[in-house]
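Structure file input.txt; described as compact mmCIF, C-alpha atoms.
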# COMPACT_ATOMS: atom_id res chain seq x y z
CA MET A 1 -18.05 -11.71 19.02
CA SER A 2 -14.60 -12.90 17.92
CA GLN A 3 -11.83 -10.50 17.03
CA LEU A 4 -11.90 -9.64 13.34
CA LEU A 5 -8.97 -9.15 10.97
CA ARG A 6 -9.94 -6.11 8.89
CA VAL A 7 -8.45 -4.37 5.88
CA GLN A 8 -9.45 -0.69 6.11
CA ASN A 9 -9.16 2.13 3.56
CA PHE A 10 -6.74 0.27 1.31
CA CYS A 11 -6.44 2.15 -1.99
CA VAL A 12 -5.92 0.67 -5.44
CA SER A 13 -6.07 1.92 -9.02
CA THR A 14 -8.74 0.82 -11.48
CA ASP A 15 -6.27 -1.76 -12.83
CA GLY A 16 -5.72 -3.19 -9.35
CA PHE A 17 -2.37 -1.72 -8.25
CA GLY A 18 -1.87 -0.61 -4.64
CA ALA A 19 1.52 1.00 -5.31
CA GLY A 20 3.60 1.90 -8.34
CA GLU A 21 6.94 0.56 -9.49
CA GLY A 22 10.24 1.79 -8.03
CA GLN A 23 9.41 2.51 -4.40
CA SER A 24 12.09 4.57 -2.63
CA LEU A 25 12.56 6.76 0.42
CA GLU A 26 11.63 9.81 -1.65
CA ARG A 27 8.75 8.08 -3.45
CA PRO A 28 6.86 5.70 -1.11
CA PHE A 29 4.37 4.86 -3.87
CA GLY A 30 6.99 4.42 -6.58
CA HIS A 31 6.10 5.99 -9.92
CA ALA A 32 2.50 6.56 -8.75
CA ASP A 33 1.36 9.92 -7.44
CA PRO A 34 -0.07 9.13 -3.97
CA ALA A 35 -2.58 11.95 -4.34
CA ASP A 36 -4.19 10.02 -7.19
CA LEU A 37 -4.87 7.12 -4.84
CA VAL A 38 -5.60 8.69 -1.45
CA SER A 39 -6.77 12.28 -1.99
CA TRP A 40 -10.37 11.16 -1.41
CA ALA A 41 -9.44 10.18 2.15
CA GLY A 42 -7.24 13.20 2.85
CA ALA A 43 -10.17 15.46 2.02
CA THR A 44 -12.37 14.04 4.78
CA ALA A 45 -12.88 15.37 8.28
CA SER A 46 -11.85 12.06 9.86
CA TRP A 47 -8.59 11.50 7.95
CA PRO A 48 -6.17 10.16 10.63
CA ASN A 49 -3.35 12.48 9.53
CA ARG A 50 -5.48 15.64 9.61
CA THR A 51 -3.81 18.36 11.71
CA GLU A 52 -6.25 21.21 11.03
CA PRO A 53 -10.04 21.50 11.41
CA GLY A 54 -12.26 21.04 8.40
CA GLY A 55 -12.69 18.33 5.81
CA SER A 56 -15.71 16.82 4.11
CA ARG A 57 -18.46 14.72 5.61
CA GLY A 58 -20.51 12.05 3.91
CA LEU A 59 -19.74 8.65 2.44
CA ASP A 60 -15.95 8.98 2.19
CA ASP A 61 -15.76 10.32 5.73
CA TYR A 62 -17.72 7.33 6.97
CA PHE A 63 -14.94 5.05 5.76
CA THR A 64 -12.05 7.13 7.12
CA ARG A 65 -13.87 7.35 10.46
CA ASP A 66 -14.10 3.55 10.48
CA PHE A 67 -10.28 3.29 10.20
CA THR A 68 -9.79 3.38 13.97
CA ARG A 69 -13.12 1.95 15.17
CA ASN A 70 -12.51 -0.93 17.59
CA ILE A 71 -8.93 -1.46 16.37
CA GLY A 72 -6.46 -2.71 18.98
CA ALA A 73 -3.42 -3.62 16.84
CA GLU A 74 -2.13 -3.46 13.26
CA ILE A 75 -0.15 -5.88 11.10
CA MET A 76 1.84 -4.55 8.16
CA GLY A 77 4.46 -5.85 5.79
CA ARG A 78 7.98 -4.50 5.73
CA ASN A 79 7.28 -2.83 2.40
CA LYS A 80 4.68 -0.61 4.06
CA PHE A 81 7.05 0.27 6.91
CA GLY A 82 9.82 1.46 4.61
CA PRO A 83 11.84 0.87 1.42
CA GLN A 84 14.83 -0.92 2.97
CA ARG A 85 15.55 -4.57 2.17
CA GLY A 86 17.74 -7.18 3.84
CA PRO A 87 19.27 -6.75 7.32
CA TRP A 88 18.40 -3.50 9.09
CA LYS A 89 21.43 -1.26 8.59
CA ASN A 90 19.96 2.01 9.83
CA LEU A 91 17.98 1.75 13.06
CA ASP A 92 17.50 5.52 13.04
CA TRP A 93 14.87 5.01 10.33
CA THR A 94 11.52 4.75 12.14
CA GLY A 95 9.01 4.68 9.28
CA TRP A 96 7.24 7.10 6.97
CA TRP A 97 5.11 8.76 9.65
CA GLY A 98 7.36 11.00 11.75
CA GLU A 99 7.25 11.25 15.53
CA ASN A 100 3.49 10.70 15.86
CA PRO A 101 2.38 7.74 13.71
CA PRO A 102 -1.37 7.50 12.99
CA PHE A 103 -1.81 4.00 14.43
CA HIS A 104 -2.00 4.58 18.23
CA THR A 105 -1.82 0.82 18.86
CA PRO A 106 0.84 -1.89 18.79
CA VAL A 107 2.02 -2.48 15.19
CA PHE A 108 3.53 -5.79 14.07
CA VAL A 109 5.86 -5.48 11.07
CA LEU A 110 6.58 -8.70 9.16
CA THR A 111 10.25 -9.10 8.30
CA HIS A 112 12.80 -11.91 8.01
CA HIS A 113 15.42 -9.78 9.80
CA HIS A 114 15.54 -9.07 13.51
CA ARG A 115 15.04 -5.54 14.76
CA PRO A 116 14.31 -4.41 18.35
CA SER A 117 10.90 -2.97 19.14
CA PHE A 118 10.59 0.79 19.61
CA THR A 119 7.89 3.28 20.58
CA LEU A 120 6.91 6.59 19.01
CA ALA A 121 4.24 8.54 20.90
CA ASP A 122 1.55 5.91 21.67
CA THR A 123 2.53 3.47 18.89
CA THR A 124 4.94 0.58 19.53
CA PHE A 125 6.44 -1.21 16.52
CA HIS A 126 7.35 -4.89 16.89
CA PHE A 127 9.22 -6.82 14.18
CA LEU A 128 8.26 -10.43 13.52
CA ASP A 129 9.62 -13.26 11.40
CA ALA A 130 6.38 -15.23 11.46
CA THR A 131 3.71 -16.88 9.36
CA PRO A 132 0.47 -14.96 8.81
CA ALA A 133 -1.31 -17.13 11.40
CA GLU A 134 1.45 -16.62 13.97
CA ALA A 135 1.51 -12.86 13.40
CA LEU A 136 -2.27 -12.66 13.72
CA GLN A 137 -2.17 -14.49 17.05
CA ARG A 138 0.47 -12.09 18.38
CA ALA A 139 -1.58 -9.11 17.24
CA ARG A 140 -4.79 -10.49 18.73
CA ASP A 141 -3.05 -11.05 22.05
CA ALA A 142 -1.90 -7.42 22.04
CA ALA A 143 -5.23 -5.98 20.87
CA GLY A 144 -7.02 -6.32 24.20
CA GLY A 145 -10.09 -7.99 22.72
CA LYS A 146 -10.44 -5.46 19.89
CA ASP A 147 -10.09 -6.15 16.16
CA VAL A 148 -6.79 -6.24 14.26
CA ARG A 149 -6.23 -4.08 11.18
CA LEU A 150 -4.23 -5.51 8.27
CA GLY A 151 -2.55 -2.44 6.86
CA GLY A 152 -0.83 -3.78 3.75
CA GLY A 153 0.99 -3.58 1.50
CA VAL A 154 -0.29 -5.61 -1.38
CA THR A 155 1.86 -8.70 -0.85
CA THR A 156 0.93 -8.90 2.82
CA ILE A 157 -2.80 -8.62 2.13
CA ARG A 158 -2.59 -11.31 -0.53
CA GLN A 159 -0.73 -13.64 1.87
CA PHE A 160 -3.37 -13.24 4.57
CA VAL A 161 -6.24 -13.63 2.10
CA GLU A 162 -4.69 -16.80 0.69
CA ALA A 163 -4.30 -18.11 4.25
CA ASP A 164 -8.06 -17.49 4.71
CA LEU A 165 -7.47 -15.20 7.70
CA VAL A 166 -9.12 -11.96 6.55
CA ASP A 167 -12.68 -11.37 7.80
CA THR A 168 -13.58 -8.06 6.14
CA MET A 169 -11.99 -5.72 3.59
CA HIS A 170 -12.67 -2.17 2.52
CA VAL A 171 -10.82 -1.28 -0.69
CA ALA A 172 -11.17 2.16 -2.31
CA VAL A 173 -10.71 2.09 -6.09
CA ALA A 174 -9.40 5.44 -7.35
CA PRO A 175 -10.18 6.59 -10.93
CA VAL A 176 -6.60 6.26 -12.18
CA GLU A 177 -4.59 3.54 -13.94
CA LEU A 178 -1.01 2.77 -12.86
CA GLY A 179 -0.10 0.14 -15.44
CA ARG A 180 2.59 -1.50 -13.30
CA GLY A 181 3.68 -1.95 -9.70
CA GLU A 182 2.30 -4.01 -6.81
CA ARG A 183 -1.00 -5.54 -7.92
CA LEU A 184 -3.72 -6.62 -5.48
CA TRP A 185 -5.90 -8.23 -8.15
CA THR A 186 -6.68 -8.40 -11.85
CA SER A 187 -10.36 -8.03 -10.96
CA ALA A 188 -12.22 -7.85 -7.64
CA ASP A 189 -14.14 -10.87 -8.94
CA ASP A 190 -10.98 -12.86 -8.20
CA LEU A 191 -12.05 -12.86 -4.53
CA LEU A 192 -15.66 -13.98 -4.92
CA ASP A 193 -14.79 -17.56 -3.98
CA ARG A 194 -13.81 -16.29 -0.51
CA PHE A 195 -15.95 -13.20 0.11
CA HIS A 196 -19.34 -11.67 -0.39
CA PHE A 197 -18.93 -8.36 -2.18
CA GLU A 198 -20.64 -4.98 -2.55
CA SER A 199 -19.65 -1.93 -4.63
CA VAL A 200 -20.57 1.60 -3.47
CA PRO A 201 -19.68 4.54 -5.76
CA SER A 202 -18.85 7.88 -4.14
CA PRO A 203 -19.43 11.41 -5.46
CA SER A 204 -15.66 11.98 -5.03
CA GLY A 205 -14.99 9.59 -7.91
CA VAL A 206 -13.71 6.62 -5.91
CA THR A 207 -15.63 3.37 -5.64
CA HIS A 208 -15.72 1.68 -2.24
CA LEU A 209 -15.58 -2.12 -2.41
CA LEU A 210 -16.74 -4.02 0.66
CA PHE A 211 -15.86 -7.67 1.21
CA TRP A 212 -16.92 -9.96 4.02
CA ARG A 213 -16.07 -13.60 4.56
CA ARG A 214 -18.42 -16.24 3.14
Mind turning this structure into structure tokens?
Amino acid sequence: MSQLLRVQNFCVSTDGFGAGEGQSLERPFGHADPADLVSWAGATASWPNRTEPGGSRGLDDYFTRDFTRNIGAEIMGRNKFGPQRGPWKNLDWTGWWGENPPFHTPVFVLTHHHRPSFTLADTTFHFLDATPAEALQRARDAAGGKDVRLGGGVTTIRQFVEADLVDTMHVAVAPVELGRGERLWTSADDLLDRFHFESVPSPSGVTHLLFWRR
């Protein structure tokens, strides 16, 4: 089976926003409260950032458990890596995740500005000025035959969808409206020309949307 490009556990509001307006170092989701978008995942036993035992099982946990299944590399946009823009002025900044990022694979960050690769724990970050197709080929080469996860943010996912490179997507719709920010879609129906689609409501209040290529 060929290597898939998968969007996993990407969270949006009911009005389609994946992040709020005004992202900064102190507020990675801008004006949005990240708990409103991702608390469903943080409550599960398989949440990648969990440091203590416990957490819920069931439908939500199935999706957080799937986050790492057969993933050999990740692609993300610069906006997911951090709030800086333009040339890299502070190479001491190594992302939102501290000394032990939750990826545990090579990560390819899309940027128009050169920055040397670096490694934290078992995650190596590489910085690419590349088209979506070029970045995907680099990630597939590094993934050792496993799938590649497309981590976001919104602009990056839209670019890869529009390039017809995404094979499957899991998007969790949280029961909150943001009103403004980075918008993935006006309606999930916008993607029906490219994907088959299934909606699965969860007792936690989120709705899991599953897309797979036509």
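Reported to one decimal place, the separation of atom CA of Asp147 of chain A from atom CA of Asp189 of chain A is 25.9 Å.
The shortest atom-to-atom distance to Leu184 of chain A, with all atoms listed in the file taken into account, belongs to A:Glu162 out of A:Asp129, A:Asp167, A:Glu162, A:Asp92.
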Excluding Ser13 of chain A and any residue of its chain fewer than 5 positions from it, enumerate the residues within 8 Å of it, using all atoms listed in the file, and give them as JSON, numbers by chain.
{"A": [18, 37, 173, 174, 175, 176, 177, 178]}
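When only C-alpha atoms are used to compute distances to Phe127 of chain A, the closest of the residues A:Val12, A:Leu25, A:Ala45, A:Met76 turns out to be A:Met76.
If you look at atom CA of Thr68 of chain A and atom CA of Gln23 of chain A, they are 26.6 Å away from each other.
Residue nearest Val206 of chain A, chosen from A:Ser39, A:Thr123, A:Gln3, A:Gln159 and counting all atoms listed in the file: A:Ser39.
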Using all atoms listed in the file, give me every residue within 12 Å of (-5.8, 8.8, 0.2) in file coordinates, as JSON, numbers by chain.
{"A": [8, 9, 10, 11, 12, 13, 18, 29, 33, 34, 35, 36, 37, 38, 39, 40, 41, 42, 43, 44, 46, 47, 48, 49, 50, 60, 61, 63, 64, 171, 172, 173, 174, 204, 206]}
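Of the residues listed (A:Gly86, A:His112, A:Leu191, A:Leu120), A:Leu120 shows the shortest atom-to-atom separation from Asn100 of chain A; distances use all atoms listed in the file.
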Determine, for each residue of segment 40-137 of chain A having at least one atom at most 12 Å from an atom of segment 163-166 of chain A, the closest pair of atoms and their separation in Å to one decimal, counting only C-alpha atoms; order by chain and ascending number, as CSV.
residue,atom,partner,partner_atom,distance
A:Ile75,CA,A:Val166,CA,11.8
A:Thr131,CA,A:Ala163,CA,9.6
A:Pro132,CA,A:Ala163,CA,7.3
A:Ala133,CA,A:Leu165,CA,7.4
A:Glu134,CA,A:Leu165,CA,11.0
A:Ala135,CA,A:Leu165,CA,10.9
A:Leu136,CA,A:Leu165,CA,8.4
A:Gln137,CA,A:Leu165,CA,10.8
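Using all atoms listed in the file for every distance, the candidate list A:Val200, A:Ala32, A:Ala143, A:Leu150 yields A:Ala32 as the residue closest to Phe17 of chain A.
Nearest residue to Ala188 of chain A, choosing from A:Phe211, A:Val148, A:Ser202, A:Gly30 and counting only C-alpha atoms: A:Phe211.
Picture a line from atom CA of Phe81 of chain A to atom CA of Gly22 of chain A; it runs 15.4 Å.
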Listed atoms of segment 49-52 of chain A boxed along x, y and z, 3 Å each side, centre and edge lengths in Å, one decimal, as JSON:
{"center_x": -4.8, "center_y": 16.8, "center_z": 10.6, "size_x": 8.9, "size_y": 14.7, "size_z": 8.2}
